[in-house]
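One file, query.cif, carrying mmCIF, C-alpha atoms and all ligand atoms:
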```cif
data_coords
loop_
_atom_site.label_atom_id
_atom_site.label_comp_id
_atom_site.auth_asym_id
_atom_site.auth_seq_id
_atom_site.Cartn_x
_atom_site.Cartn_y
_atom_site.Cartn_z
CA MET N 154 -7.06 -31.17 -4.81
CA ASP N 155 -5.55 -28.20 -2.97
CA GLU N 156 -5.52 -28.44 0.79
CA LYS N 157 -7.57 -25.63 2.36
CA ARG N 158 -7.43 -23.81 5.67
CA LYS N 159 -9.66 -21.34 7.48
CA ILE N 160 -8.11 -17.95 8.20
CA ALA N 161 -9.26 -14.82 10.00
CA LEU N 162 -7.59 -11.49 9.46
CA THR N 163 -8.34 -7.77 9.60
CA VAL N 164 -8.28 -5.82 6.36
CA ASN N 165 -8.77 -2.04 6.43
CA GLY N 166 -10.26 -2.37 9.91
CA ARG N 167 -12.76 -5.08 9.01
CA VAL N 168 -12.46 -8.71 10.15
CA TYR N 169 -12.75 -11.36 7.43
CA GLU N 170 -12.98 -15.15 7.85
CA ARG N 171 -12.44 -17.26 4.76
CA THR N 172 -11.41 -20.79 3.85
CA VAL N 173 -8.59 -20.63 1.32
CA PRO N 174 -6.22 -22.96 -0.55
CA VAL N 175 -2.97 -23.13 1.38
CA ARG N 176 -1.03 -22.18 -1.76
CA LEU N 177 -3.07 -19.04 -2.52
CA SER N 178 -0.97 -15.87 -2.46
CA LEU N 179 -2.00 -13.01 -0.23
CA ALA N 180 -2.27 -10.78 -3.31
CA ASP N 181 -4.70 -13.15 -5.02
CA PHE N 182 -6.65 -13.49 -1.78
CA ILE N 183 -7.01 -9.72 -1.46
CA ARG N 184 -8.03 -9.28 -5.09
CA ASP N 185 -10.08 -12.39 -5.85
CA HIS N 186 -11.58 -13.31 -2.49
CA LEU N 187 -12.05 -9.87 -0.92
CA HIS N 188 -12.53 -8.04 -4.26
CA LEU N 189 -10.16 -5.27 -3.19
CA THR N 190 -8.66 -4.82 -6.63
CA GLY N 191 -6.71 -1.67 -5.81
CA THR N 192 -3.80 -3.96 -4.96
CA HIS N 193 -2.18 -4.68 -8.32
CA LEU N 194 -0.11 -7.58 -9.57
CA GLY N 195 2.76 -6.90 -11.94
CA CYS N 196 5.79 -9.15 -11.77
CA GLU N 197 4.45 -11.59 -9.14
CA HIS N 198 7.95 -12.18 -7.84
CA GLY N 199 8.76 -9.28 -5.54
CA VAL N 200 10.39 -6.84 -7.94
CA CYS N 201 7.89 -4.24 -9.18
CA GLY N 202 6.20 -3.23 -5.90
CA ALA N 203 2.70 -2.97 -7.42
CA CYS N 204 1.28 -5.42 -4.88
CA THR N 205 2.58 -3.61 -1.77
CA ILE N 206 0.25 -3.58 1.22
CA LEU N 207 0.79 -2.91 4.93
CA LEU N 208 1.19 -5.93 7.17
CA ASP N 209 0.79 -4.92 10.81
CA GLY N 210 1.70 -1.40 9.69
CA LEU N 211 4.82 -2.28 7.70
CA SER N 212 4.99 -2.39 3.92
CA ALA N 213 5.15 -5.86 2.42
CA ARG N 214 4.89 -7.46 -1.02
CA SER N 215 1.62 -9.37 -1.02
CA CYS N 216 2.72 -11.49 -4.02
CA LEU N 217 5.48 -13.01 -1.86
CA MET N 218 3.20 -14.12 0.97
CA LEU N 219 0.61 -16.82 1.24
CA ALA N 220 -2.84 -15.87 2.44
CA VAL N 221 -2.55 -18.42 5.27
CA GLN N 222 0.53 -16.55 6.55
CA ALA N 223 -1.69 -13.54 7.17
CA GLN N 224 -3.74 -15.46 9.73
CA GLY N 225 -4.43 -13.14 12.68
CA ARG N 226 -2.58 -10.20 11.09
CA ARG N 227 -3.69 -6.68 10.24
CA ILE N 228 -3.61 -5.76 6.56
CA ASP N 229 -4.11 -2.33 5.06
CA THR N 230 -4.64 -1.86 1.35
CA VAL N 231 -4.87 1.25 -0.80
CA GLU N 232 -8.65 1.23 -0.37
CA GLY N 233 -8.07 2.07 3.31
CA LEU N 234 -6.13 5.29 2.63
CA ALA N 235 -9.23 7.41 2.07
CA GLY N 236 -11.39 8.45 5.00
CA ALA N 237 -14.68 6.72 5.82
CA ASP N 238 -16.44 9.52 3.93
CA GLY N 239 -14.31 8.84 0.84
CA ALA N 240 -12.17 11.96 1.31
CA LEU N 241 -8.66 11.41 -0.04
CA GLY N 242 -5.78 11.20 2.42
CA ALA N 243 -2.78 13.56 2.35
CA LEU N 244 -0.71 11.24 0.14
CA GLN N 245 -3.49 10.77 -2.36
CA ARG N 246 -4.17 14.52 -2.52
CA ALA N 247 -0.49 15.22 -3.18
CA PHE N 248 -0.38 12.61 -5.95
CA ARG N 249 -3.39 14.23 -7.57
CA ARG N 250 -1.94 17.75 -7.27
CA HIS N 251 1.39 16.75 -8.81
CA HIS N 252 0.02 14.44 -11.53
CA ALA N 253 2.14 11.71 -9.99
CA LEU N 254 0.50 8.97 -12.02
CA GLN N 255 -0.40 8.22 -15.58
CA CYS N 256 -1.77 4.70 -16.04
CA GLY N 257 -1.85 4.31 -12.25
CA PHE N 258 -0.77 0.69 -12.25
CA CYS N 259 2.17 1.27 -9.92
CA THR N 260 0.37 3.86 -7.80
CA PRO N 261 -1.34 1.76 -5.10
CA GLY N 262 1.92 0.04 -4.21
CA ILE N 263 3.85 3.30 -4.08
CA LEU N 264 1.18 4.91 -1.90
CA MET N 265 1.29 2.01 0.56
CA SER N 266 5.09 2.04 0.76
CA LEU N 267 5.04 5.80 1.35
CA ALA N 268 2.30 5.45 3.97
CA ASP N 269 4.63 3.25 6.00
CA TRP N 270 7.96 4.92 5.12
CA LEU N 271 6.88 8.51 5.84
CA LYS N 272 5.87 7.48 9.36
CA ARG N 273 9.43 6.32 9.96
CA THR N 274 11.07 8.98 7.78
CA PRO N 275 8.93 12.09 8.33
CA ASP N 276 11.35 14.66 6.90
CA PRO N 277 13.09 13.05 3.91
CA ASP N 278 15.12 14.85 1.28
CA GLU N 279 14.76 14.19 -2.43
CA ALA N 280 17.62 11.68 -2.53
CA ALA N 281 16.02 9.61 0.23
CA VAL N 282 12.65 9.64 -1.54
CA ARG N 283 14.30 8.52 -4.78
CA GLU N 284 16.12 5.72 -2.98
CA MET N 285 12.88 4.54 -1.39
CA LEU N 286 11.15 4.65 -4.78
CA SER N 287 13.86 2.44 -6.26
CA GLY N 288 11.84 -0.44 -4.85
CA HIS N 289 8.98 0.41 -7.21
CA LEU N 290 8.83 0.23 -10.98
CA CYS N 291 6.84 2.92 -12.78
CA ARG N 292 6.76 2.66 -16.56
CA CYS N 293 4.99 5.98 -17.21
CA THR N 294 5.85 8.95 -15.08
CA GLY N 295 9.62 9.35 -15.00
CA TYR N 296 9.17 9.59 -11.21
CA SER N 297 9.51 13.40 -10.98
CA GLY N 298 5.87 13.99 -10.08
CA ILE N 299 5.96 11.11 -7.61
CA VAL N 300 9.01 12.60 -5.86
CA ARG N 301 7.38 16.04 -5.67
CA ALA N 302 4.17 14.50 -4.32
CA ALA N 303 6.03 12.47 -1.70
CA LEU N 304 7.95 15.51 -0.47
CA GLU N 305 4.80 17.63 -0.31
CA ALA N 306 2.83 14.88 1.43
CA ALA N 307 5.64 14.53 3.98
CA ALA N 308 5.42 18.26 4.73
CA GLU N 309 1.64 18.10 5.04
CA LEU N 310 1.79 15.07 7.33
CA ARG N 311 4.34 16.87 9.53
CA ARG N 312 1.98 19.86 9.76
CA GLU N 313 -0.95 17.57 10.60
CA GLY N 314 1.17 15.83 13.26
CA ALA N 315 2.21 19.14 14.81
CA LYS N 316 -1.41 20.34 14.87
CA GLU N 317 -2.58 17.11 16.55
CA ALA N 318 0.16 17.49 19.17
CA ASP N 319 -0.97 21.10 19.81
CA ASP N 320 -4.57 19.98 20.21
CA VAL N 321 -3.74 17.40 22.90
S1 LIG B 1 3.60 -8.09 -8.12
FE1 LIG B 1 4.51 -8.19 -6.18
S2 LIG B 1 6.38 -7.15 -6.39
FE2 LIG B 1 5.57 -7.20 -8.41
S1 LIG B 2 1.84 5.45 -13.60
FE1 LIG B 2 1.93 3.86 -15.08
S2 LIG B 2 3.32 2.46 -14.19
FE2 LIG B 2 3.42 4.15 -12.88
#
```
For the structure just supplied, provide its representation as structure tokens.
Amino acid sequence: MDEKRKIALTVNGRVYERTVPVRLSLADFIRDHLHLTGTHLGCEHGVCGACTILLDGLSARSCLMLAVQAQGRRIDTVEGLAGADGALGALQRAFRRHHALQCGFCTPGILMSLADWLKRTPDPDEAAVREMLSGHLCRCTGYSGIVRAALEAAAELRREGAKEADDV
């Protein structure tokens, strides 16, 4: 029988306490125990990027972590990108405008990587966006729409940041 352990962690701003098998992956915990199925599982060995979430604000592959390693940490999943009223965030709006997805399987992971990366790289050029996206496999889109969406979202986030600074 699998050994179990109690963990407490914050996911999308909400605190969860659960008792989990010590060998359960963080991805399976998020999907099967918290029912946040926006986080997808593709390769399950760190290659495709579909399972990317934010761990204390930094992008991480949730298939490569155990749920027990997330004890006390802050997790953000794709479900947390929209506002409390369900309004899409800047990244999501840009993906919709540029048809940056087809089947959508890769999309949650790409959105979460961009959510982290654009904070640290607010004014990227196309080559930098393409290099960042090399950590994600998309079988459908050919990436062009994703690149356009990322560049436009970056510009919108810069404008939002400048406006917030003006308002202070
Ligand atoms: S499912 Fe985690 S990287 Fe592919
Ligand atoms: S939209 Fe289908 S895998 Fe990317």
Just need the box for segment 278-282 of chain N, edges along x, y and z, holding every atom the file lists for it with 5 Å tacked onto each side, so centre and edge lengths in Å to one decimal, as AutoDock Vina command-line options.
```
--center_x 15.1 --center_y 12.2 --center_z -0.6 --size_x 15.0 --size_y 15.2 --size_z 13.8
```
Pick out the residues sitting within 9 Å of segment 291-294 of chain N, and hand them over as a PyMOL selection string; count all atoms listed in the file, and ignore anything fewer than 3 positions along from it in its own chain. chain N and resi 201+203+252-260+297-299
Can you measure atom CA of Ala235 of chain N to atom CA of Val173 of chain N for me? One decimal in Å is fine.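 Answer for the atom CA of Ala235 of chain N to atom CA of Val173 of chain N separation: 28.1 Å.
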Is it possible to get the residues within 8 Å of (-6.7, -5.4, -1.3) (coordinates as in the file, counting all atoms listed in the file) written as a list in words?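 Counting all atoms listed in the file, I find these residues within 8 Å of (-6.7, -5.4, -1.3): Val164, Ala180, Ile183, Arg184, Leu187, His188, Leu189, Thr190, Gly191, Thr192, Ile206, Asp229, Thr230, Val231 and Glu232 of chain N.
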For atom CA of Val168 of chain N and atom CA of Arg227 of chain N, the interatomic separation in Å (one decimal):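 Going from atom CA of Val168 of chain N over to atom CA of Arg227 of chain N, I get 9.0 Å.
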For atom CA of Gly239 of chain N and atom CA of Arg226 of chain N, quote the distance in Å rounded to one decimal.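 Spanning atom CA of Gly239 of chain N to atom CA of Arg226 of chain N is a straight-line distance of 24.6 Å.
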9 Å shell around ligand LIG 1 (chain B) using all atoms listed in the file, listed as a PyMOL selection string: chain N and resi 180+193-205+213-217+262+288-290
Skipping near chain neighbours, those fewer than 5 positions away, what residues fall within 9 Å of Ala223 of chain N using all atoms listed in the file, listed as an NGL selection string? :N and (160-162 or 179 or 208 or 218 or 228)
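Shortest separation to ligand LIG 2 (chain B) among N:Pro275, N:Ile263, N:Leu304, N:Ser287 occurs at residue N:Ile263, atoms counted being all atoms listed in the file.
Closest to Asp269 of chain N among N:Arg246, N:Gln224, N:Leu211, N:Asp238 is N:Leu211, based on only C-alpha atoms.
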Could you list as a PyMOL selection string every residue that has an atom within 12 Å of (-7.2, -20.5, 4.2), using the file's coordinates and counting all atoms listed in the file? chain N and resi 155-162+169-179+182+186+219-225
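Proximity of N:Ala315, N:Arg301, N:Phe248, N:Ala268 to ligand LIG 2 (chain B), computed with all atoms listed in the file, is greatest for N:Phe248.
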